[in-house]
$ cat model-v9.tsv   # TSV, C-alpha atoms and all ligand atoms
chain	number	residue	atom	x	y	z
A	86	MET	CA	-20.34	18.07	23.02
A	87	GLU	CA	-20.92	19.62	19.61
A	88	LYS	CA	-22.58	16.47	18.24
A	89	ILE	CA	-24.80	15.99	21.29
A	90	LEU	CA	-26.05	19.59	21.30
A	91	THR	CA	-26.59	19.67	17.55
A	92	ALA	CA	-28.60	16.44	17.81
A	93	ALA	CA	-30.68	18.09	20.55
A	94	GLY	CA	-31.63	20.87	18.12
A	95	ALA	CA	-29.36	23.67	19.34
A	96	CYS	CA	-28.27	26.10	16.61
A	97	ALA	CA	-25.44	27.60	18.68
A	98	PHE	CA	-23.67	26.56	21.85
A	99	GLY	CA	-20.61	27.22	23.97
A	100	CYS	CA	-19.18	27.08	27.43
A	101	VAL	CA	-18.17	29.82	29.85
A	102	ALA	CA	-16.32	29.75	33.18
A	103	ALA	CA	-18.82	30.41	35.97
A	104	GLU	CA	-16.27	32.64	37.74
A	105	ARG	CA	-16.44	35.07	34.82
A	106	LEU	CA	-20.16	35.54	35.46
A	107	ARG	CA	-19.81	36.04	39.20
A	108	PRO	CA	-19.19	39.84	39.09
A	109	ARG	CA	-22.63	40.24	37.45
A	110	MET	CA	-24.50	37.88	39.75
A	111	GLY	CA	-24.57	39.28	43.26
A	112	GLU	CA	-23.89	37.20	46.34
A	113	ARG	CA	-27.34	35.60	46.66
A	114	ALA	CA	-27.47	34.47	43.05
A	115	TRP	CA	-23.96	33.07	43.29
A	116	GLU	CA	-24.83	31.19	46.48
A	117	ARG	CA	-27.93	29.73	44.85
A	118	ALA	CA	-25.92	28.57	41.84
A	119	ALA	CA	-23.14	27.13	44.01
A	120	GLN	CA	-25.60	25.33	46.28
A	121	THR	CA	-27.34	23.70	43.34
A	122	THR	CA	-24.05	22.73	41.69
A	123	PRO	CA	-21.36	22.24	44.35
A	124	GLY	CA	-17.91	22.86	42.85
A	125	LEU	CA	-19.51	24.87	40.01
A	126	LYS	CA	-17.00	25.43	37.20
A	127	ARG	CA	-18.73	26.00	33.88
A	128	LEU	CA	-22.01	27.02	32.32
A	129	ILE	CA	-22.85	25.28	29.04
A	130	CYS	CA	-25.04	27.61	26.95
A	131	ALA	CA	-27.24	26.48	24.07
A	132	ALA	CA	-29.57	28.43	21.75
A	133	PHE	CA	-32.71	26.82	20.29
A	134	PRO	CA	-34.43	28.49	17.31
A	135	TYR	CA	-38.06	29.58	17.18
A	136	GLY	CA	-40.04	31.98	15.01
A	137	PRO	CA	-40.99	31.37	11.38
A	138	GLU	CA	-38.96	33.01	8.62
A	139	THR	CA	-41.59	35.71	8.23
A	140	VAL	CA	-43.11	36.87	11.48
A	141	THR	CA	-46.62	38.25	11.24
A	142	PRO	CA	-47.70	40.64	13.99
A	143	GLY	CA	-50.30	39.19	16.38
A	144	LEU	CA	-51.77	39.60	19.83
A	145	LEU	CA	-49.37	37.11	21.41
A	146	SER	CA	-45.64	37.58	21.21
A	147	VAL	CA	-44.08	35.09	18.79
A	148	TYR	CA	-42.29	33.25	21.59
A	149	ALA	CA	-45.64	32.43	23.23
A	150	ARG	CA	-47.42	31.13	20.13
A	151	GLY	CA	-46.03	27.59	20.29
A	152	ALA	CA	-45.35	25.15	23.13
A	153	ASP	CA	-43.92	26.47	26.39
A	154	TYR	CA	-40.17	26.80	25.77
A	155	HIS	CA	-39.30	25.91	29.39
A	156	ARG	CA	-40.72	22.43	28.86
A	157	VAL	CA	-39.36	22.03	25.35
A	158	LEU	CA	-35.84	22.99	26.37
A	159	GLU	CA	-35.95	20.79	29.43
A	160	ALA	CA	-36.98	17.81	27.31
A	161	ARG	CA	-34.29	18.55	24.71
A	162	MET	CA	-31.52	19.18	27.23
A	163	ALA	CA	-32.26	16.13	29.44
A	164	PRO	CA	-30.57	13.65	27.02
A	165	VAL	CA	-27.67	16.10	26.64
A	166	ALA	CA	-27.17	16.13	30.43
A	167	ALA	CA	-27.44	12.33	30.56
A	168	LYS	CA	-24.85	11.84	27.79
A	169	LEU	CA	-22.44	14.33	29.33
A	170	ALA	CA	-22.82	12.62	32.72
A	171	GLU	CA	-21.78	9.35	31.05
A	172	ARG	CA	-18.80	11.04	29.43
A	173	TYR	CA	-17.73	12.82	32.64
A	174	PRO	CA	-18.53	10.30	35.38
A	175	GLY	CA	-19.24	11.80	38.80
A	176	CYS	CA	-19.95	15.28	37.38
A	177	ARG	CA	-23.23	17.16	37.63
A	178	PHE	CA	-25.14	18.87	34.82
A	179	ASP	CA	-27.94	21.02	36.23
A	180	PHE	CA	-30.50	22.41	33.79
A	181	TYR	CA	-31.77	25.99	33.71
A	182	ALA	CA	-33.90	27.98	31.30
A	183	ASP	CA	-35.10	31.50	31.96
A	184	VAL	CA	-35.36	31.35	35.76
A	185	SER	CA	-31.72	30.96	36.68
A	186	PRO	CA	-29.28	32.76	38.95
A	187	PHE	CA	-27.05	33.47	35.93
A	188	PRO	CA	-27.00	36.55	33.66
A	189	GLU	CA	-28.21	34.34	30.83
A	190	VAL	CA	-27.90	36.52	27.73
A	191	TYR	CA	-24.53	37.88	28.87
A	192	ALA	CA	-23.28	34.33	29.55
A	193	ALA	CA	-24.32	33.14	26.09
A	194	ALA	CA	-22.69	36.19	24.46
A	195	LEU	CA	-19.50	35.62	26.47
A	196	ALA	CA	-19.49	31.96	25.39
A	197	GLY	CA	-19.52	33.17	21.77
A	198	LEU	CA	-23.05	32.14	20.72
A	199	GLY	CA	-23.74	35.53	19.17
A	200	LYS	CA	-23.67	39.29	19.56
A	201	LEU	CA	-25.27	41.17	22.42
A	202	GLY	CA	-28.11	43.31	21.04
A	203	ARG	CA	-28.88	46.81	22.27
A	204	ASN	CA	-32.35	45.47	23.08
A	205	GLY	CA	-30.81	43.06	25.60
A	206	LEU	CA	-31.29	40.02	23.39
A	207	LEU	CA	-28.73	37.63	21.96
A	208	LEU	CA	-28.28	37.81	18.18
A	209	VAL	CA	-27.27	34.41	16.83
A	210	PRO	CA	-25.96	34.14	13.23
A	211	GLY	CA	-28.70	32.71	11.02
A	212	ALA	CA	-31.32	32.75	13.79
A	213	GLY	CA	-31.20	36.37	14.99
A	214	SER	CA	-32.85	37.02	18.33
A	215	TYR	CA	-35.49	34.32	17.78
A	216	VAL	CA	-33.77	31.85	20.10
A	217	PHE	CA	-34.51	30.42	23.52
A	218	LEU	CA	-31.55	29.84	25.78
A	219	GLY	CA	-30.95	26.67	27.79
A	220	PHE	CA	-28.10	26.06	30.21
A	221	LEU	CA	-26.32	23.27	32.05
A	222	ALA	CA	-24.30	24.23	35.10
A	223	THR	CA	-21.51	21.78	35.78
A	224	ASP	CA	-18.58	21.00	38.03
A	225	ALA	CA	-16.73	19.52	35.04
A	226	GLU	CA	-13.80	21.63	33.87
A	227	LEU	CA	-14.83	21.76	30.22
A	228	PRO	CA	-12.93	23.87	27.68
A	229	GLU	CA	-14.20	27.45	27.41
A	230	THR	CA	-15.39	29.02	24.16
A	231	GLY	CA	-15.78	32.64	23.04
A	232	GLY	CA	-14.11	34.93	25.50
A	233	THR	CA	-15.37	38.43	24.86
A	234	VAL	CA	-18.81	39.94	24.51
A	235	VAL	CA	-19.33	41.40	21.04
A	236	PRO	CA	-22.02	44.13	20.90
A	237	CYS	CA	-24.37	44.51	17.92
A	238	GLY	CA	-23.78	47.28	15.40
A	239	GLY	CA	-25.99	49.64	17.44
A	240	CYS	CA	-28.11	50.83	14.48
A	241	GLY	CA	-30.81	52.01	16.91
A	242	ALA	CA	-33.75	50.54	14.95
A	243	CYS	CA	-34.96	48.68	18.05
A	244	GLU	CA	-34.86	51.85	20.13
A	245	ARG	CA	-36.85	53.81	17.57
A	246	ALA	CA	-39.45	51.02	17.31
A	247	CYS	CA	-39.89	50.49	21.05
A	248	PRO	CA	-43.42	51.50	22.17
A	249	GLY	CA	-42.36	51.50	25.81
A	250	VAL	CA	-39.43	53.89	25.31
A	251	ALA	CA	-37.57	51.27	27.31
A	252	LEU	CA	-34.30	51.22	25.40
A	253	GLY	CA	-31.32	53.46	26.00
A	254	GLU	CA	-27.96	52.55	27.46
A	255	THR	CA	-29.76	49.67	29.20
A	256	VAL	CA	-33.21	48.03	29.01
A	257	ASP	CA	-35.64	49.67	31.45
A	258	GLN	CA	-37.66	46.61	32.52
A	259	SER	CA	-40.25	48.81	34.22
A	260	ARG	CA	-41.23	50.17	30.77
A	261	CYS	CA	-40.71	47.02	28.71
A	262	LEU	CA	-44.02	45.62	27.49
A	263	SER	CA	-42.69	42.09	27.49
A	264	ALA	CA	-42.61	42.36	31.29
A	265	LEU	CA	-45.52	44.76	31.77
A	266	THR	CA	-48.08	42.64	29.94
A	267	GLN	CA	-47.24	39.76	32.33
A	268	GLN	CA	-47.62	41.84	35.48
A	269	ARG	CA	-50.48	40.77	37.71
A	270	GLY	CA	-52.92	43.03	39.53
A	271	GLN	CA	-53.70	46.74	39.20
A	272	LEU	CA	-51.54	48.81	36.91
A	273	THR	CA	-50.72	52.50	37.16
A	274	GLU	CA	-52.16	54.94	34.63
A	275	GLU	CA	-48.76	55.06	32.92
A	276	GLN	CA	-48.46	51.27	32.70
A	277	THR	CA	-51.99	51.03	31.31
A	278	ALA	CA	-51.15	53.61	28.64
A	279	LEU	CA	-48.02	51.68	27.68
A	280	ILE	CA	-49.98	48.44	27.23
A	281	LYS	CA	-52.47	50.26	25.05
A	282	ARG	CA	-49.66	51.71	22.99
A	283	GLY	CA	-48.02	48.27	22.60
A	284	GLY	CA	-51.32	46.83	21.35
A	285	MET	CA	-50.61	43.26	22.44
A	286	LEU	CA	-52.23	40.87	24.88
A	287	TRP	CA	-48.99	39.22	25.91
A	288	GLY	CA	-45.42	40.30	25.25
A	289	CYS	CA	-44.00	42.58	22.58
A	290	ASP	CA	-42.02	41.86	19.41
A	291	ARG	CA	-41.38	45.36	18.09
A	292	CYS	CA	-37.64	45.52	18.80
A	293	GLN	CA	-37.18	42.09	17.23
A	294	LEU	CA	-39.27	42.96	14.18
A	295	ALA	CA	-37.21	46.11	13.64
A	296	CYS	CA	-33.80	44.49	14.06
A	297	PRO	CA	-31.88	43.99	10.79
A	298	GLU	CA	-30.17	40.95	12.33
A	299	ASN	CA	-33.54	39.18	12.14
A	300	ARG	CA	-33.84	39.55	8.38
A	301	ASN	CA	-32.91	36.65	6.11
A	302	ARG	CA	-32.76	34.11	8.91
A	303	THR	CA	-31.73	30.69	7.64
A	304	VAL	CA	-32.16	28.50	10.71
A	305	PRO	CA	-35.61	26.86	10.82
A	306	PRO	CA	-37.56	26.91	14.09
A	307	LEU	CA	-37.93	23.72	16.12
A	308	PRO	CA	-41.22	21.94	15.32
A	309	GLU	CA	-42.49	22.37	18.91
A	310	PHE	CA	-42.64	26.11	18.28
A	311	THR	CA	-45.10	25.89	15.39
A	312	PRO	CA	-47.88	28.35	16.27
A	313	LEU	CA	-50.96	26.97	18.05
A	314	PRO	CA	-54.32	28.75	18.24
A	315	ASP	CA	-54.40	32.00	20.27
A	316	PRO	CA	-56.90	32.17	23.15
A	317	THR	CA	-60.23	33.65	22.08
A	318	GLU	CA	-62.05	36.42	23.92
A	319	GLU	CA	-64.47	33.81	25.22
A	320	GLN	CA	-61.62	31.67	26.55
A	321	LEU	CA	-60.25	34.71	28.37
A	322	ARG	CA	-63.50	34.73	30.36
A	323	LEU	CA	-62.89	31.21	31.70
A	324	SER	CA	-62.08	30.66	35.36
A	325	ASP	CA	-58.39	30.71	36.14
A	326	ARG	CA	-58.37	26.97	36.64
A	327	ALA	CA	-60.20	26.20	33.42
A	328	PHE	CA	-57.96	28.59	31.48
A	329	ARG	CA	-54.79	26.97	32.81
A	330	ARG	CA	-56.20	23.54	31.97
A	331	GLN	CA	-57.25	24.61	28.47
A	332	PHE	CA	-53.83	26.07	27.67
A	333	ALA	CA	-51.60	23.72	29.66
A	334	GLY	CA	-48.15	23.66	28.09
A	335	ARG	CA	-48.28	27.25	26.82
A	336	ALA	CA	-45.90	29.89	28.19
A	337	PHE	CA	-48.56	32.60	28.65
A	338	THR	CA	-50.47	30.71	31.36
A	339	TRP	CA	-47.90	31.00	34.15
A	340	ARG	CA	-49.57	34.11	35.61
A	341	GLY	CA	-53.07	32.75	35.08
A	342	VAL	CA	-55.85	34.34	33.08
A	343	GLN	CA	-56.04	37.66	34.93
A	344	PRO	CA	-53.24	39.64	33.18
A	345	LEU	CA	-54.48	38.60	29.73
A	346	ARG	CA	-58.08	39.42	30.56
A	347	ARG	CA	-57.06	42.81	31.95
A	348	ASN	CA	-54.87	43.54	28.92
A	349	LEU	CA	-57.76	42.72	26.61
A	350	GLU	CA	-59.97	45.20	28.49
A	351	ILE	CA	-57.25	47.86	28.14
A	352	LEU	CA	-56.91	47.24	24.41
A	353	LYS	CA	-60.68	47.43	23.94
A	354	GLU	CA	-61.06	50.78	25.72
A	355	ASP	CA	-61.90	53.59	23.33
A	356	ALA	CA	-60.37	56.38	25.37
A	357	PRO	CA	-57.15	57.75	23.89
A	358	CYS	CA	-54.17	57.17	26.14
A	359	LYS	CA	-51.93	59.85	27.58
A	360	GLU	CA	-48.34	60.05	26.34
A	361	TYR	CA	-45.70	58.94	28.83
B	401	LIG	S1	-31.98	46.85	15.97
B	401	LIG	FE1	-29.84	47.50	15.65
B	401	LIG	S2	-29.24	48.31	17.68
B	401	LIG	FE2	-31.06	47.08	18.00
B	401	LIG	S3	-30.36	45.02	18.56
B	401	LIG	FE3	-30.68	45.02	16.34
B	401	LIG	S4	-28.70	45.58	15.46
B	401	LIG	FE4	-28.61	46.13	17.63
B	402	LIG	S1	-39.98	44.05	23.97
B	402	LIG	FE1	-41.12	45.89	23.25
B	402	LIG	S2	-41.18	47.28	24.99
B	402	LIG	FE2	-39.57	45.74	25.42
B	402	LIG	S3	-37.69	46.66	24.68
B	402	LIG	FE3	-38.51	45.43	22.97
B	402	LIG	S4	-39.77	46.90	21.79
B	402	LIG	FE4	-39.39	47.82	23.78
$ encode --input "model-v9.tsv" --output "structure tokens"
Amino acid sequence: MEKILTAAGACAFGCVAAERLRPRMGERAWERAAQTTPGLKRLICAAFPYGPETVTPGLLSVYARGADYHRVLEARMAPVAAKLAERYPGCRFDFYADVSPFPEVYAAALAGLGKLGRNGLLLVPGAGSYVFLGFLATDAELPETGGTVVPCGGCGACERACPGVALGETVDQSRCLSALTQQRGQLTEEQTALIKRGGMLWGCDRCQLACPENRNRTVPPLPEFTPLPDPTEEQLRLSDRAFRRQFAGRAFTWRGVQPLRRNLEILKEDAPCKEY
């Protein structure tokens, strides 16, 4: 497995027993996973590097500057699944990235891919938190790796840098700008103020930029994640359809143009925002 995943571009990988994830999944998520992969036994976890060595702040979060990672990971994991299916005849290898019933970061930490950061992200040696996670759920009884979740040193730099005041014992998703900037429709006054404070059109990198585990990274990003041009103000005035067509294959289009256009308006407003 090591050779196959390395050839696919993964910088860290491992395998965890699905049963060990069950207590964190809830009944519906478990049922969904078990229906997709009958006889579910293991979750193969793989980390794929992105982000240049030096990250410059911008209006789009670093993860959204290159090609859509869902597509990239699917393309890179498809040959892995095919090769494993040859090696374990009759077994299934079902791909997931991002939208899965599994607690993804926890699973990868449990499989030994890296430490679990206080900011909720996985910290992989040599790549830091600049990794996308891909998974294969399988009914094959593969050997497990890792075994315990190792937390980061807890220096608190991410918490101090967080514009959403979203970090404490857990990550408060309702205040995290990575989620808020993607939210469609009307925002509350508080949410609007948080977006203004974050200063970005899409996503937020502050906790990653502050994290010492992201300094001196040695693992180069995959070529698909080389930054592409950001949308211009004019392009944010396109119709939803035209915008999606123009930026097909980019991760920031999944909610259409509306959240980005609204965020731009918020960032352009002169009025000072209230503290929340
Ligand atoms: S900044 Fe410090 S506390 Fe936060 S994830 Fe990185 S190492 Fe952990
Ligand atoms: S992404 Fe931004 S808002 Fe979310 S936890 Fe990190 S620093 Fe805070």
$ closest_atom_pairs --input "model-v9.tsv" --of "chain A" --to "ligand LIG 402 (chain B)" --cutoff "6 Å" --atoms "all atoms listed in the file" --output "tab-separated table"
residue	atom	partner	partner_atom	distance
A:Asn204	CA	B:LIG402	S3	5.7
A:Cys247	CA	B:LIG402	S4	3.7
A:Pro248	CA	B:LIG402	S2	5.5
A:Gly249	CA	B:LIG402	S2	4.5
A:Ala251	CA	B:LIG402	FE4	5.3
A:Leu252	CA	B:LIG402	S3	5.7
A:Cys261	CA	B:LIG402	FE2	3.7
A:Leu262	CA	B:LIG402	S2	4.1
A:Ser263	CA	B:LIG402	S1	4.9
A:Cys289	CA	B:LIG402	FE1	4.4
A:Asp290	CA	B:LIG402	S1	5.5
A:Arg291	CA	B:LIG402	S4	4.3
A:Cys292	CA	B:LIG402	S4	3.9
$ residues_near_ligand --input "model-v9.tsv" --ligand "ligand LIG 401 (chain B)" --cutoff "9 Å" --atoms "all atoms listed in the file" --output "MDAnalysis selection string"
chainID A and resid 200:208 213:214 236:246 292:299
$ atom_distance --input "model-v9.tsv" --atom1 "atom CA of A:Leu272" --atom2 "atom CA of A:Asn348"
10.1 Å
$ residues_around --input "model-v9.tsv" --residues "A:Val140" --least-positions-apart "3" --cutoff "12 Å" --atoms "all atoms listed in the file" --output "list of chain:residue names"
A:Tyr135, A:Gly136, A:Pro137, A:Gly143, A:Leu145, A:Ser146, A:Val147, A:Tyr148, A:Arg150, A:Tyr215, A:Asp290, A:Arg291, A:Gln293, A:Leu294, A:Ala295, A:Asn299, A:Arg300, A:Asn301, A:Arg302, A:Pro306, A:Thr311, A:Pro312
$ atom_distance --input "model-v9.tsv" --atom1 "atom CA of A:Val209" --atom2 "atom CA of A:Ala149"
19.6 Å
$ residues_around --input "model-v9.tsv" --residues "A:Cys96" --least-positions-apart "3" --cutoff "8 Å" --atoms "only C-alpha atoms" --output "PyMOL selection string"
chain A and resi 91+131-134+212+304
$ residues_around --input "model-v9.tsv" --residues "A:Arg329" --least-positions-apart "3" --cutoff "10 Å" --atoms "all atoms listed in the file" --output "list in words"
Leu323, Ser324, Asp325, Arg326, Phe332, Ala333, Gly334, Arg335, Phe337, Thr338, Trp339, Arg340, Gly341 and Val342 of chain A
$ closest_residue --input "model-v9.tsv" --among "A:Leu218, A:Leu144, A:Met285, A:Val157" --to "A:Thr317" --atoms "only C-alpha atoms"
A:Leu144
$ decode --input "model-v9.tsv" --residues "stretch 122-162 of chain A" --atoms "C-alpha atoms" --output "mmCIF file, in the first residue's frame"
data_model
loop_
_atom_site.group_PDB
_atom_site.id
_atom_site.type_symbol
_atom_site.label_atom_id
_atom_site.label_comp_id
_atom_site.auth_asym_id
_atom_site.auth_seq_id
_atom_site.Cartn_x
_atom_site.Cartn_y
_atom_site.Cartn_z
ATOM 1 C CA THR A 122 -19.487 -0.094 2.092
ATOM 2 C CA PRO A 123 -21.257 -3.249 3.305
ATOM 3 C CA GLY A 124 -19.037 -5.133 5.763
ATOM 4 C CA LEU A 125 -17.045 -1.922 6.419
ATOM 5 C CA LYS A 126 -13.806 -2.719 8.265
ATOM 6 C CA ARG A 127 -11.169 -0.073 7.648
ATOM 7 C CA LEU A 128 -10.677 3.504 6.558
ATOM 8 C CA ILE A 129 -7.500 4.168 4.578
ATOM 9 C CA CYS A 130 -6.425 7.776 5.172
ATOM 10 C CA ALA A 131 -4.063 9.723 2.914
ATOM 11 C CA ALA A 132 -2.748 13.300 3.110
ATOM 12 C CA PHE A 133 -1.912 15.277 -0.046
ATOM 13 C CA PRO A 134 0.237 18.429 0.259
ATOM 14 C CA TYR A 135 -0.734 21.889 -0.946
ATOM 15 C CA GLY A 136 0.454 25.411 -0.178
ATOM 16 C CA PRO A 137 3.772 26.893 -1.304
ATOM 17 C CA GLU A 138 6.666 27.050 1.144
ATOM 18 C CA THR A 139 5.951 30.704 1.821
ATOM 19 C CA VAL A 140 2.286 31.562 1.968
ATOM 20 C CA THR A 141 1.404 35.126 1.068
ATOM 21 C CA PRO A 142 -1.864 36.474 2.463
ATOM 22 C CA GLY A 143 -4.590 36.974 -0.166
ATOM 23 C CA LEU A 144 -8.329 37.313 -0.603
ATOM 24 C CA LEU A 145 -8.835 33.594 -1.222
ATOM 25 C CA SER A 146 -7.762 31.022 1.312
ATOM 26 C CA VAL A 147 -4.670 29.152 0.124
ATOM 27 C CA TYR A 148 -6.597 25.904 -0.284
ATOM 28 C CA ALA A 149 -8.895 27.560 -2.846
ATOM 29 C CA ARG A 150 -6.193 29.143 -5.007
ATOM 30 C CA GLY A 151 -5.444 26.044 -7.090
ATOM 31 C CA ALA A 152 -7.601 23.315 -8.634
ATOM 32 C CA ASP A 153 -10.552 21.961 -6.653
ATOM 33 C CA TYR A 154 -9.049 19.421 -4.238
ATOM 34 C CA HIS A 155 -12.137 17.176 -4.376
ATOM 35 C CA ARG A 156 -11.468 16.502 -8.048
ATOM 36 C CA VAL A 157 -7.701 16.271 -7.674
ATOM 37 C CA LEU A 158 -7.919 13.766 -4.839
ATOM 38 C CA GLU A 159 -10.536 11.714 -6.626
ATOM 39 C CA ALA A 160 -8.314 11.497 -9.708
ATOM 40 C CA ARG A 161 -5.259 10.594 -7.616
ATOM 41 C CA MET A 162 -7.053 8.045 -5.443
#
